[in-house]
file coords-v7.txt (compact mmCIF, C-alpha atoms)
# COMPACT_ATOMS: atom_id res chain seq x y z
CA MET E 1 -211.66 0.18 -154.83
CA SER E 2 -213.29 1.46 -151.60
CA GLN E 3 -213.92 -2.14 -150.51
CA VAL E 4 -210.20 -2.93 -150.85
CA LEU E 5 -209.24 0.25 -148.99
CA ASP E 6 -211.58 -0.69 -146.15
CA ASP E 7 -210.32 -4.28 -145.93
CA PRO E 8 -207.76 -4.45 -143.09
CA VAL E 9 -206.44 -7.85 -144.24
CA SER E 10 -205.61 -6.57 -147.74
CA LEU E 11 -204.01 -3.47 -146.26
CA ALA E 12 -202.04 -5.62 -143.82
CA ARG E 13 -200.68 -7.77 -146.65
CA GLN E 14 -199.46 -4.63 -148.39
CA ALA E 15 -197.87 -3.44 -145.15
CA LEU E 16 -196.07 -6.76 -144.72
CA GLU E 17 -194.62 -6.47 -148.21
CA ARG E 18 -193.19 -3.08 -147.17
CA HIS E 19 -191.96 -4.56 -143.87
CA SER E 20 -194.22 -2.12 -142.03
CA TRP E 21 -194.57 -4.54 -139.14
CA LEU E 22 -196.43 -2.34 -136.67
CA GLU E 23 -198.93 -1.19 -139.27
CA ALA E 24 -199.58 -4.80 -140.30
CA PHE E 25 -199.95 -5.86 -136.66
CA ASP E 26 -202.50 -3.13 -135.93
CA LEU E 27 -204.51 -3.94 -139.06
CA LEU E 28 -204.58 -7.68 -138.44
CA GLN E 29 -205.42 -7.18 -134.79
CA ARG E 30 -208.41 -5.12 -135.92
CA ALA E 31 -209.40 -7.71 -138.52
CA ASP E 32 -209.12 -10.47 -135.92
CA ARG E 33 -211.58 -8.65 -133.67
CA GLU E 34 -214.06 -8.19 -136.50
CA ALA E 35 -214.10 -11.70 -138.04
CA ASP E 36 -212.44 -15.11 -138.03
CA LEU E 37 -209.15 -14.96 -139.91
CA ALA E 38 -208.11 -17.66 -142.38
CA ALA E 39 -205.16 -19.87 -141.44
CA GLU E 40 -202.79 -17.98 -143.77
CA ASP E 41 -203.86 -14.64 -142.32
CA LEU E 42 -203.35 -15.94 -138.79
CA GLU E 43 -199.80 -16.88 -139.79
CA ALA E 44 -199.30 -13.36 -141.15
CA PHE E 45 -200.67 -11.96 -137.88
CA SER E 46 -198.19 -14.12 -136.00
CA GLU E 47 -195.28 -12.80 -138.11
CA ALA E 48 -196.32 -9.18 -137.61
CA ALA E 49 -196.69 -9.77 -133.87
CA TRP E 50 -193.27 -11.42 -133.66
CA TRP E 51 -191.44 -8.53 -135.34
CA THR E 52 -193.17 -5.98 -133.12
CA ALA E 53 -192.22 -7.83 -129.91
CA HIS E 54 -195.74 -9.11 -129.17
CA VAL E 55 -194.52 -12.63 -128.49
CA GLU E 56 -197.59 -13.99 -126.71
CA GLU E 57 -199.90 -12.68 -129.43
CA SER E 58 -197.61 -14.24 -132.03
CA ILE E 59 -197.77 -17.66 -130.40
CA ASP E 60 -201.54 -17.45 -129.88
CA ALA E 61 -202.13 -16.60 -133.56
CA ARG E 62 -199.80 -19.41 -134.66
CA GLN E 63 -201.62 -21.95 -132.48
CA ARG E 64 -204.94 -20.88 -133.97
CA ALA E 65 -203.46 -21.21 -137.47
CA PHE E 66 -202.42 -24.76 -136.58
CA ASN E 67 -205.96 -25.62 -135.48
CA ALA E 68 -207.34 -24.12 -138.70
CA TYR E 69 -205.02 -26.26 -140.83
CA VAL E 70 -206.01 -29.37 -138.88
CA GLN E 71 -209.69 -28.59 -139.44
CA GLN E 72 -208.95 -28.16 -143.15
CA GLU E 73 -207.27 -31.61 -143.13
CA ASP E 74 -204.02 -30.07 -144.32
CA PRO E 75 -201.34 -32.05 -142.42
CA ILE E 76 -198.39 -30.53 -144.29
CA HIS E 77 -199.14 -26.92 -143.35
CA ALA E 78 -200.25 -28.03 -139.89
CA ALA E 79 -196.91 -29.79 -139.38
CA LEU E 80 -194.93 -26.79 -140.63
CA THR E 81 -196.86 -24.58 -138.21
CA ALA E 82 -196.23 -27.03 -135.36
CA LEU E 83 -192.49 -26.94 -136.10
CA VAL E 84 -192.47 -23.14 -135.90
CA LEU E 85 -194.28 -23.35 -132.56
CA SER E 86 -191.76 -25.90 -131.34
CA ARG E 87 -188.96 -23.51 -132.26
CA GLU E 88 -190.64 -20.54 -130.60
CA PHE E 89 -191.25 -22.39 -127.34
CA MET E 90 -187.65 -23.64 -127.42
CA MET E 91 -186.44 -20.04 -127.75
CA LYS E 92 -188.58 -19.15 -124.73
CA GLY E 93 -187.02 -21.99 -122.74
CA ASP E 94 -190.26 -23.99 -122.53
CA GLN E 95 -188.75 -27.41 -123.23
CA ALA E 96 -191.87 -29.49 -122.59
CA LEU E 97 -194.08 -27.39 -124.86
CA SER E 98 -191.39 -27.35 -127.54
CA GLY E 99 -191.08 -31.12 -127.42
CA GLY E 100 -194.84 -31.56 -127.54
CA TRP E 101 -195.20 -29.46 -130.69
CA PHE E 102 -192.27 -31.27 -132.31
CA SER E 103 -193.89 -34.64 -131.59
CA ARG E 104 -197.15 -33.34 -133.05
CA ALA E 105 -195.41 -32.35 -136.27
CA GLU E 106 -193.62 -35.69 -136.47
CA ARG E 107 -196.87 -37.60 -136.00
CA LEU E 108 -198.69 -35.53 -138.64
CA LEU E 109 -195.96 -36.22 -141.20
CA SER E 110 -195.57 -39.90 -140.42
CA GLY E 111 -198.44 -40.83 -142.74
CA CYS E 112 -197.66 -38.33 -145.49
CA GLU E 113 -195.68 -38.68 -148.69
CA ASP E 114 -192.36 -36.85 -148.91
CA SER E 115 -192.72 -33.07 -148.81
CA VAL E 116 -190.79 -29.94 -147.96
CA ALA E 117 -192.15 -30.28 -144.42
CA HIS E 118 -190.07 -33.45 -143.99
CA GLY E 119 -186.99 -31.35 -144.72
CA TYR E 120 -187.93 -28.86 -142.01
CA LEU E 121 -188.48 -31.79 -139.66
CA ALA E 122 -184.94 -33.02 -140.42
CA MET E 123 -183.66 -29.47 -139.84
CA ALA E 124 -185.40 -29.31 -136.45
CA LYS E 125 -183.91 -32.67 -135.49
CA ALA E 126 -180.44 -31.46 -136.50
CA MET E 127 -180.77 -28.28 -134.44
CA GLY E 128 -181.96 -30.29 -131.45
CA THR E 129 -179.18 -32.88 -131.60
CA PRO E 130 -176.51 -32.44 -128.89
CA ASN E 131 -172.97 -31.34 -129.75
CA THR E 132 -171.71 -34.76 -128.73
CA GLU E 133 -173.39 -36.23 -131.83
CA LEU E 134 -172.14 -33.93 -134.57
CA GLU E 135 -171.88 -36.73 -137.13
CA ALA E 136 -175.65 -37.20 -136.81
CA VAL E 137 -176.10 -33.44 -137.27
CA VAL E 138 -174.18 -33.63 -140.56
CA VAL E 139 -176.44 -36.42 -141.81
CA LEU E 140 -179.67 -34.64 -140.81
CA SER E 141 -178.56 -31.30 -142.21
CA GLN E 142 -177.68 -32.98 -145.51
CA GLU E 143 -181.19 -34.47 -145.56
CA ALA E 144 -182.63 -30.99 -145.03
CA LEU E 145 -180.41 -29.57 -147.78
CA ASP E 146 -181.37 -32.32 -150.24
CA THR E 147 -185.07 -31.81 -149.51
CA GLY E 148 -184.71 -28.07 -150.00
CA VAL E 149 -183.07 -28.65 -153.39
CA ARG E 150 -185.76 -31.17 -154.36
CA TYR E 151 -188.59 -28.74 -153.62
CA GLY E 152 -186.85 -25.49 -154.53
CA ASP E 153 -186.98 -24.09 -150.99
CA LYS E 154 -183.96 -21.78 -150.74
CA SER E 155 -184.42 -21.06 -147.04
CA LEU E 156 -184.32 -24.77 -146.23
CA GLN E 157 -181.27 -25.21 -148.45
CA ALA E 158 -179.47 -22.41 -146.61
CA PHE E 159 -180.43 -23.86 -143.22
CA GLY E 160 -178.99 -27.21 -144.30
CA LEU E 161 -175.73 -25.58 -145.40
CA ALA E 162 -175.39 -23.48 -142.23
CA ILE E 163 -176.18 -26.27 -139.78
CA GLN E 164 -173.80 -28.62 -141.57
CA GLY E 165 -171.18 -25.89 -141.58
CA THR E 166 -171.34 -25.38 -137.81
CA ALA E 167 -171.22 -29.15 -137.28
CA LYS E 168 -168.13 -29.52 -139.47
CA VAL E 169 -166.42 -26.70 -137.59
CA GLY E 170 -167.21 -28.58 -134.37
CA LEU E 171 -165.69 -31.72 -135.87
CA GLY E 172 -162.47 -29.87 -136.65
CA GLU E 173 -163.11 -29.41 -140.39
CA ILE E 174 -162.72 -25.65 -140.08
CA GLU E 175 -162.19 -24.60 -143.70
CA ALA E 176 -164.96 -26.84 -145.03
CA GLY E 177 -167.35 -25.69 -142.33
CA LEU E 178 -166.69 -21.99 -142.85
CA ALA E 179 -167.10 -22.40 -146.62
CA LEU E 180 -170.58 -23.85 -146.07
CA LEU E 181 -171.48 -21.04 -143.67
CA ASP E 182 -170.25 -18.42 -146.13
CA GLU E 183 -172.32 -19.99 -148.91
CA ALA E 184 -175.44 -19.96 -146.73
CA THR E 185 -174.87 -16.38 -145.63
CA ILE E 186 -174.34 -15.17 -149.19
CA ALA E 187 -177.85 -16.46 -149.93
CA ALA E 188 -179.07 -14.37 -146.99
CA ILE E 189 -177.33 -11.22 -148.24
CA SER E 190 -178.78 -11.59 -151.72
CA GLY E 191 -182.34 -11.60 -150.35
CA GLU E 192 -183.10 -15.17 -151.42
CA LEU E 193 -184.35 -16.31 -148.01
CA ASP E 194 -187.29 -15.56 -145.76
CA ILE E 195 -186.64 -13.05 -143.02
CA PHE E 196 -186.41 -15.51 -140.13
CA ALA E 197 -184.03 -17.84 -141.98
CA THR E 198 -181.84 -14.87 -142.84
CA GLY E 199 -181.59 -13.76 -139.22
CA ILE E 200 -180.84 -17.24 -137.86
CA ILE E 201 -178.16 -17.89 -140.47
CA TYR E 202 -176.48 -14.55 -139.77
CA CYS E 203 -176.53 -15.43 -136.07
CA MET E 204 -175.02 -18.90 -136.62
CA THR E 205 -172.27 -17.52 -138.85
CA ILE E 206 -171.31 -14.64 -136.57
CA SER E 207 -171.29 -16.78 -133.42
CA THR E 208 -169.20 -19.49 -135.09
CA CYS E 209 -166.65 -16.93 -136.28
CA ARG E 210 -166.53 -15.45 -132.78
CA ASP E 211 -165.90 -18.89 -131.26
CA LEU E 212 -162.99 -19.36 -133.70
CA ALA E 213 -161.66 -15.86 -132.92
CA ASP E 214 -161.97 -15.10 -136.65
CA TYR E 215 -162.93 -11.50 -135.95
CA ARG E 216 -162.23 -10.27 -139.49
CA ARG E 217 -164.84 -12.63 -140.95
CA ALA E 218 -167.20 -12.02 -138.03
CA GLY E 219 -166.89 -8.27 -138.54
CA GLU E 220 -167.67 -8.50 -142.24
CA TRP E 221 -170.81 -10.52 -141.58
CA THR E 222 -171.81 -8.23 -138.69
CA GLU E 223 -171.74 -5.23 -141.03
CA ALA E 224 -173.80 -7.19 -143.56
CA ALA E 225 -176.29 -8.13 -140.83
CA LYS E 226 -176.60 -4.47 -139.80
CA ARG E 227 -177.42 -3.42 -143.36
CA TRP E 228 -179.94 -6.28 -143.66
CA CYS E 229 -181.71 -5.22 -140.45
CA GLU E 230 -182.00 -1.69 -141.77
CA ARG E 231 -183.53 -2.93 -145.03
CA GLN E 232 -186.07 -5.03 -143.12
CA SER E 233 -187.01 -2.12 -140.81
CA ILE E 234 -186.08 -4.05 -137.67
CA ASN E 235 -183.70 -2.92 -134.93
CA GLY E 236 -181.91 -6.23 -134.75
CA PHE E 237 -182.63 -9.89 -134.54
CA PRO E 238 -184.22 -10.88 -131.22
CA GLY E 239 -182.48 -12.53 -128.30
CA VAL E 240 -178.98 -13.94 -128.26
CA CYS E 241 -178.40 -12.96 -131.91
CA ARG E 242 -178.25 -9.32 -130.81
CA VAL E 243 -175.71 -10.28 -128.15
CA HIS E 244 -173.44 -11.90 -130.76
CA ARG E 245 -173.60 -8.78 -132.95
CA ALA E 246 -172.85 -6.56 -129.95
CA GLU E 247 -169.83 -8.68 -128.99
CA ILE E 248 -168.26 -8.28 -132.41
CA MET E 249 -169.03 -4.54 -132.54
CA SER E 250 -167.37 -4.00 -129.16
CA LEU E 251 -164.31 -6.00 -130.22
CA ARG E 252 -164.04 -3.75 -133.29
CA GLY E 253 -164.22 -0.62 -131.09
CA ASP E 254 -167.82 0.43 -131.76
CA CYS E 255 -168.78 0.32 -128.09
CA ALA E 256 -171.58 2.90 -128.21
CA LEU E 257 -173.52 1.00 -130.86
CA ALA E 258 -172.77 -2.31 -129.11
call {"tool": "encode", "arguments": {"input": "coords-v7.txt", "output": "structure tokens"}}
result
Amino acid sequence: MSQVLDDPVSLARQALERHSWLEAFDLLQRADREADLAAEDLEAFSEAAWWTAHVEESIDARQRAFNAYVQQEDPIHAALTALVLSREFMMKGDQALSGGWFSRAERLLSGCEDSVAHGYLAMAKAMGTPNTELEAVVVLSQEALDTGVRYGDKSLQAFGLAIQGTAKVGLGEIEAGLALLDEATIAAISGELDIFATGIIYCMTISTCRDLADYRRAGEWTEAAKRWCERQSINGFPGVCRVHRAEIMSLRGDCALA
């Protein structure tokens, strides 16, 4: 028992389950100083760093996890990690680095049999496709959805639904698009998805409703997003997602909170 209590990695895993992000970050930072962390623990360190606003530490840990997976000759997990890095650099505005990590993931998967990682690759392609090619977005998001169903990955399924929903709204199929977004966001409310997928899908739904001036629907989802953030012990989803929530709150008269 004392060995478990003294093991910062075990304690960090327990903290992550409680969504005690800062506690997990401190424990994994200590463990990282004391010994080499396994690839999975480096990913956990990256998550804890992300949710405590230590972005550079998060990216560094994720890059080291990628290298560990490559050394283990595990191309699937390496590719999934590369796709997360591509997304994170895209969110930082580092287009070249984002593109480089995406290409790395694509190359790793090119020689592999079908896997859930191929669905996340299709999802990344869909999210990176310009708004002038929304028909292609529909096709790619359906591929992501189908792969998520095939491998039982509910977060990937929800991403496929949400991306396809926003594309259909852009194509003028408003009711069909909003129905897909609602379905994806219901999965988020019920706790079926991982925390990042939940936040992104809330953001996509709220921003789409705002663009359509459907403030009733946007307000309902904003309230749901607020309750979700409280359950996850986070102040709000990072970046532009907070802006979208604040816009809807101000339109509904809650200016102080906005």
call {"tool": "closest_residue", "arguments": {"input": "coords-v7.txt", "among": "E:Val138, E:Leu156, E:Cys203, E:Val70", "to": "Gly177 (chain E)", "atoms": "all atoms listed in the file"}}
result
E:Val138
call {"tool": "residues_around", "arguments": {"input": "coords-v7.txt", "residues": "Ile174 (chain E)", "least_positions_apart": "2", "cutoff": "12 Å", "atoms": "all atoms listed in the file", "output": "MDAnalysis selection string"}}
result
chainID E and resid 164:172 176:181 208:209 211:212 214
call {"tool": "closest_residue", "arguments": {"input": "coords-v7.txt", "among": "E:Asp194, E:Glu73, E:Glu183, E:Asp7", "to": "Glu34 (chain E)", "atoms": "only C-alpha atoms"}}
result
E:Asp7
call {"tool": "residues_around", "arguments": {"input": "coords-v7.txt", "residues": "region 79-84 of chain E", "least_positions_apart": "2", "cutoff": "8 Å", "atoms": "only C-alpha atoms", "output": "PyMOL selection string"}}
result
chain E and resi 62-63+65-66+75-77+86-88+101-102+104-106+108-109+117+120-121+124
call {"tool": "closest_residue", "arguments": {"input": "coords-v7.txt", "among": "E:Ala44, E:Ser250, E:Val9, E:Ile163", "to": "Arg30 (chain E)", "atoms": "only C-alpha atoms"}}
result
E:Val9
call {"tool": "atom_distance", "arguments": {"input": "coords-v7.txt", "atom1": "CA of Leu193 (chain E)", "atom2": "CA of Leu37 (chain E)"}}
result
26.1 Å
call {"tool": "residues_around", "arguments": {"input": "coords-v7.txt", "residues": "Leu11 (chain E)", "least_positions_apart": "2", "cutoff": "12 Å", "atoms": "only C-alpha atoms", "output": "compact mmCIF listing (two decimals) with C-alpha atoms, in the frame of the given file"}}
result
# COMPACT_ATOMS: atom_id res chain seq x y z
CA SER E 2 -213.29 1.46 -151.60
CA GLN E 3 -213.92 -2.14 -150.51
CA VAL E 4 -210.20 -2.93 -150.85
CA LEU E 5 -209.24 0.25 -148.99
CA ASP E 6 -211.58 -0.69 -146.15
CA ASP E 7 -210.32 -4.28 -145.93
CA PRO E 8 -207.76 -4.45 -143.09
CA VAL E 9 -206.44 -7.85 -144.24
CA ARG E 13 -200.68 -7.77 -146.65
CA GLN E 14 -199.46 -4.63 -148.39
CA ALA E 15 -197.87 -3.44 -145.15
CA LEU E 16 -196.07 -6.76 -144.72
CA GLU E 17 -194.62 -6.47 -148.21
CA ARG E 18 -193.19 -3.08 -147.17
CA SER E 20 -194.22 -2.12 -142.03
CA TRP E 21 -194.57 -4.54 -139.14
CA GLU E 23 -198.93 -1.19 -139.27
CA ALA E 24 -199.58 -4.80 -140.30
CA PHE E 25 -199.95 -5.86 -136.66
CA ASP E 26 -202.50 -3.13 -135.93
CA LEU E 27 -204.51 -3.94 -139.06
CA LEU E 28 -204.58 -7.68 -138.44
CA ARG E 30 -208.41 -5.12 -135.92
CA ALA E 31 -209.40 -7.71 -138.52
CA ASP E 41 -203.86 -14.64 -142.32
call {"tool": "closest_residue", "arguments": {"input": "coords-v7.txt", "among": "E:Met90, E:Glu143, E:Asp32, E:Phe159", "to": "Arg64 (chain E)", "atoms": "all atoms listed in the file"}}
result
E:Asp32
call {"tool": "residues_around", "arguments": {"input": "coords-v7.txt", "residues": "Ala158 (chain E)", "least_positions_apart": "3", "cutoff": "6 Å", "atoms": "all atoms listed in the file", "output": "PyMOL selection string"}}
result
chain E and resi 155+161+184
call {"tool": "write_last_selection", "arguments": {"input": "coords-v7.txt", "atoms": "C-alpha atoms", "output": "PDB file, in the coordinates of the input"}}
result
ATOM      1  CA  SER E 155    -184.420 -21.060-147.040  1.00  0.00           C
ATOM      2  CA  LEU E 161    -175.730 -25.580-145.400  1.00  0.00           C
ATOM      3  CA  ALA E 184    -175.440 -19.960-146.730  1.00  0.00           C
TER       4      ALA E 184
END
call {"tool": "atom_distance", "arguments": {"input": "coords-v7.txt", "atom1": "CA of Ala218 (chain E)", "atom2": "CA of Thr205 (chain E)"}}
result
7.5 Å
call {"tool": "atom_distance", "arguments": {"input": "coords-v7.txt", "atom1": "CA of Thr129 (chain E)", "atom2": "CA of Met91 (chain E)"}}
result
15.2 Å
call {"tool": "axis_aligned_box", "arguments": {"input": "coords-v7.txt", "around": "region 156-168 of chain E", "padding_each_side": "3 Å", "output": "AutoDock Vina command-line options"}}
result
--center_x -176.2 --center_y -26.0 --center_z -142.9 --size_x 22.2 --size_y 13.1 --size_z 17.2
call {"tool": "closest_residue", "arguments": {"input": "coords-v7.txt", "among": "E:Ile201, E:Ile195, E:Ala122, E:Ile248", "to": "Trp51 (chain E)", "atoms": "only C-alpha atoms"}}
result
E:Ile195
call {"tool": "decode", "arguments": {"input": "coords-v7.txt", "residues": "region 158-193 of chain E", "atoms": "N, CA and C atoms", "output": "PDB file, in the first residue's frame"}}
result
ATOM      1  N   ALA E 158     -19.409  11.070 -32.836  1.00  0.00           N
ATOM      2  CA  ALA E 158     -19.984  12.389 -32.581  1.00  0.00           C
ATOM      3  C   ALA E 158     -19.298  13.460 -33.418  1.00  0.00           C
ATOM      4  N   PHE E 159     -17.974  13.360 -33.569  1.00  0.00           N
ATOM      5  CA  PHE E 159     -17.263  14.297 -34.440  1.00  0.00           C
ATOM      6  C   PHE E 159     -17.808  14.216 -35.864  1.00  0.00           C
ATOM      7  N   GLY E 160     -17.993  12.981 -36.354  1.00  0.00           N
ATOM      8  CA  GLY E 160     -18.517  12.813 -37.705  1.00  0.00           C
ATOM      9  C   GLY E 160     -19.880  13.455 -37.865  1.00  0.00           C
ATOM     10  N   LEU E 161     -20.751  13.246 -36.880  1.00  0.00           N
ATOM     11  CA  LEU E 161     -22.090  13.845 -36.928  1.00  0.00           C
ATOM     12  C   LEU E 161     -22.016  15.371 -36.912  1.00  0.00           C
ATOM     13  N   ALA E 162     -21.201  15.920 -36.012  1.00  0.00           N
ATOM     14  CA  ALA E 162     -21.140  17.376 -35.847  1.00  0.00           C
ATOM     15  C   ALA E 162     -20.535  18.058 -37.073  1.00  0.00           C
ATOM     16  N   ILE E 163     -19.458  17.488 -37.599  1.00  0.00           N
ATOM     17  CA  ILE E 163     -18.824  18.100 -38.773  1.00  0.00           C
ATOM     18  C   ILE E 163     -19.762  18.038 -39.971  1.00  0.00           C
ATOM     19  N   GLN E 164     -20.425  16.890 -40.134  1.00  0.00           N
ATOM     20  CA  GLN E 164     -21.375  16.774 -41.234  1.00  0.00           C
ATOM     21  C   GLN E 164     -22.547  17.735 -41.049  1.00  0.00           C
ATOM     22  N   GLY E 165     -22.956  17.908 -39.778  1.00  0.00           N
ATOM     23  CA  GLY E 165     -24.045  18.836 -39.513  1.00  0.00           C
ATOM     24  C   GLY E 165     -23.705  20.264 -39.898  1.00  0.00           C
ATOM     25  N   THR E 166     -22.510  20.732 -39.528  1.00  0.00           N
ATOM     26  CA  THR E 166     -22.120  22.102 -39.889  1.00  0.00           C
ATOM     27  C   THR E 166     -21.993  22.255 -41.403  1.00  0.00           C
ATOM     28  N   ALA E 167     -21.512  21.195 -42.075  1.00  0.00           N
ATOM     29  CA  ALA E 167     -21.378  21.256 -43.536  1.00  0.00           C
ATOM     30  C   ALA E 167     -22.750  21.345 -44.194  1.00  0.00           C
ATOM     31  N   LYS E 168     -23.704  20.561 -43.702  1.00  0.00           N
ATOM     32  CA  LYS E 168     -25.046  20.595 -44.287  1.00  0.00           C
ATOM     33  C   LYS E 168     -25.719  21.951 -44.066  1.00  0.00           C
ATOM     34  N   VAL E 169     -25.493  22.530 -42.889  1.00  0.00           N
ATOM     35  CA  VAL E 169     -26.016  23.881 -42.661  1.00  0.00           C
ATOM     36  C   VAL E 169     -25.425  24.842 -43.688  1.00  0.00           C
ATOM     37  N   GLY E 170     -24.111  24.726 -43.934  1.00  0.00           N
ATOM     38  CA  GLY E 170     -23.455  25.577 -44.920  1.00  0.00           C
ATOM     39  C   GLY E 170     -23.969  25.367 -46.331  1.00  0.00           C
ATOM     40  N   LEU E 171     -24.457  24.159 -46.606  1.00  0.00           N
ATOM     41  CA  LEU E 171     -25.017  23.844 -47.923  1.00  0.00           C
ATOM     42  C   LEU E 171     -26.490  24.233 -48.037  1.00  0.00           C
ATOM     43  N   GLY E 172     -27.046  24.782 -46.976  1.00  0.00           N
ATOM     44  CA  GLY E 172     -28.439  25.207 -47.003  1.00  0.00           C
ATOM     45  C   GLY E 172     -29.420  24.175 -46.477  1.00  0.00           C
ATOM     46  N   GLU E 173     -28.942  23.016 -46.050  1.00  0.00           N
ATOM     47  CA  GLU E 173     -29.813  21.973 -45.498  1.00  0.00           C
ATOM     48  C   GLU E 173     -29.907  22.190 -43.982  1.00  0.00           C
ATOM     49  N   ILE E 174     -30.603  23.249 -43.596  1.00  0.00           N
ATOM     50  CA  ILE E 174     -30.573  23.733 -42.220  1.00  0.00           C
ATOM     51  C   ILE E 174     -31.140  22.705 -41.238  1.00  0.00           C
ATOM     52  N   GLU E 175     -32.336  22.218 -41.497  1.00  0.00           N
ATOM     53  CA  GLU E 175     -32.978  21.302 -40.548  1.00  0.00           C
ATOM     54  C   GLU E 175     -32.176  20.013 -40.398  1.00  0.00           C
ATOM     55  N   ALA E 176     -31.710  19.472 -41.508  1.00  0.00           N
ATOM     56  CA  ALA E 176     -30.924  18.230 -41.454  1.00  0.00           C
ATOM     57  C   ALA E 176     -29.616  18.458 -40.713  1.00  0.00           C
ATOM     58  N   GLY E 177     -28.983  19.594 -40.969  1.00  0.00           N
ATOM     59  CA  GLY E 177     -27.715  19.889 -40.313  1.00  0.00           C
ATOM     60  C   GLY E 177     -27.872  20.068 -38.815  1.00  0.00           C
ATOM     61  N   LEU E 178     -28.900  20.827 -38.399  1.00  0.00           N
ATOM     62  CA  LEU E 178     -29.116  21.045 -36.971  1.00  0.00           C
ATOM     63  C   LEU E 178     -29.492  19.751 -36.251  1.00  0.00           C
ATOM     64  N   ALA E 179     -30.211  18.870 -36.940  1.00  0.00           N
ATOM     65  CA  ALA E 179     -30.567  17.581 -36.331  1.00  0.00           C
ATOM     66  C   ALA E 179     -29.316  16.762 -36.043  1.00  0.00           C
ATOM     67  N   LEU E 180     -28.352  16.781 -36.960  1.00  0.00           N
ATOM     68  CA  LEU E 180     -27.094  16.064 -36.743  1.00  0.00           C
ATOM     69  C   LEU E 180     -26.303  16.680 -35.595  1.00  0.00           C
ATOM     70  N   LEU E 181     -26.275  18.007 -35.536  1.00  0.00           N
ATOM     71  CA  LEU E 181     -25.570  18.684 -34.447  1.00  0.00           C
ATOM     72  C   LEU E 181     -26.224  18.385 -33.095  1.00  0.00           C
ATOM     73  N   ASP E 182     -27.548  18.394 -33.062  1.00  0.00           N
ATOM     74  CA  ASP E 182     -28.245  18.074 -31.819  1.00  0.00           C
ATOM     75  C   ASP E 182     -27.929  16.652 -31.361  1.00  0.00           C
ATOM     76  N   GLU E 183     -27.909  15.717 -32.316  1.00  0.00           N
ATOM     77  CA  GLU E 183     -27.602  14.325 -31.975  1.00  0.00           C
ATOM     78  C   GLU E 183     -26.201  14.200 -31.391  1.00  0.00           C
ATOM     79  N   ALA E 184     -25.243  14.894 -32.014  1.00  0.00           N
ATOM     80  CA  ALA E 184     -23.866  14.846 -31.520  1.00  0.00           C
ATOM     81  C   ALA E 184     -23.764  15.468 -30.134  1.00  0.00           C
ATOM     82  N   THR E 185     -24.477  16.565 -29.912  1.00  0.00           N
ATOM     83  CA  THR E 185     -24.360  17.275 -28.650  1.00  0.00           C
ATOM     84  C   THR E 185     -25.078  16.543 -27.523  1.00  0.00           C
ATOM     85  N   ILE E 186     -26.116  15.800 -27.851  1.00  0.00           N
ATOM     86  CA  ILE E 186     -26.761  14.949 -26.849  1.00  0.00           C
ATOM     87  C   ILE E 186     -25.766  13.917 -26.324  1.00  0.00           C
ATOM     88  N   ALA E 187     -24.953  13.357 -27.223  1.00  0.00           N
ATOM     89  CA  ALA E 187     -23.922  12.404 -26.791  1.00  0.00           C
ATOM     90  C   ALA E 187     -22.941  13.076 -25.841  1.00  0.00           C
ATOM     91  N   ALA E 188     -22.651  14.354 -26.088  1.00  0.00           N
ATOM     92  CA  ALA E 188     -21.751  15.089 -25.201  1.00  0.00           C
ATOM     93  C   ALA E 188     -22.380  15.277 -23.821  1.00  0.00           C
ATOM     94  N   ILE E 189     -23.652  15.671 -23.788  1.00  0.00           N
ATOM     95  CA  ILE E 189     -24.344  15.893 -22.518  1.00  0.00           C
ATOM     96  C   ILE E 189     -24.391  14.631 -21.675  1.00  0.00           C
ATOM     97  N   SER E 190     -24.588  13.498 -22.329  1.00  0.00           N
ATOM     98  CA  SER E 190     -24.761  12.244 -21.592  1.00  0.00           C
ATOM     99  C   SER E 190     -23.453  11.689 -21.055  1.00  0.00           C
ATOM    100  N   GLY E 191     -22.329  12.339 -21.372  1.00  0.00           N
ATOM    101  CA  GLY E 191     -21.042  11.889 -20.850  1.00  0.00           C
ATOM    102  C   GLY E 191     -20.440  10.734 -21.617  1.00  0.00           C
ATOM    103  N   GLU E 192     -20.878  10.522 -22.866  1.00  0.00           N
ATOM    104  CA  GLU E 192     -20.372   9.403 -23.654  1.00  0.00           C
ATOM    105  C   GLU E 192     -18.991   9.676 -24.252  1.00  0.00           C
ATOM    106  N   LEU E 193     -18.616  10.950 -24.349  1.00  0.00           N
ATOM    107  CA  LEU E 193     -17.447  11.328 -25.135  1.00  0.00           C
ATOM    108  C   LEU E 193     -16.275  11.710 -24.237  1.00  0.00           C
TER     109      LEU E 193
END
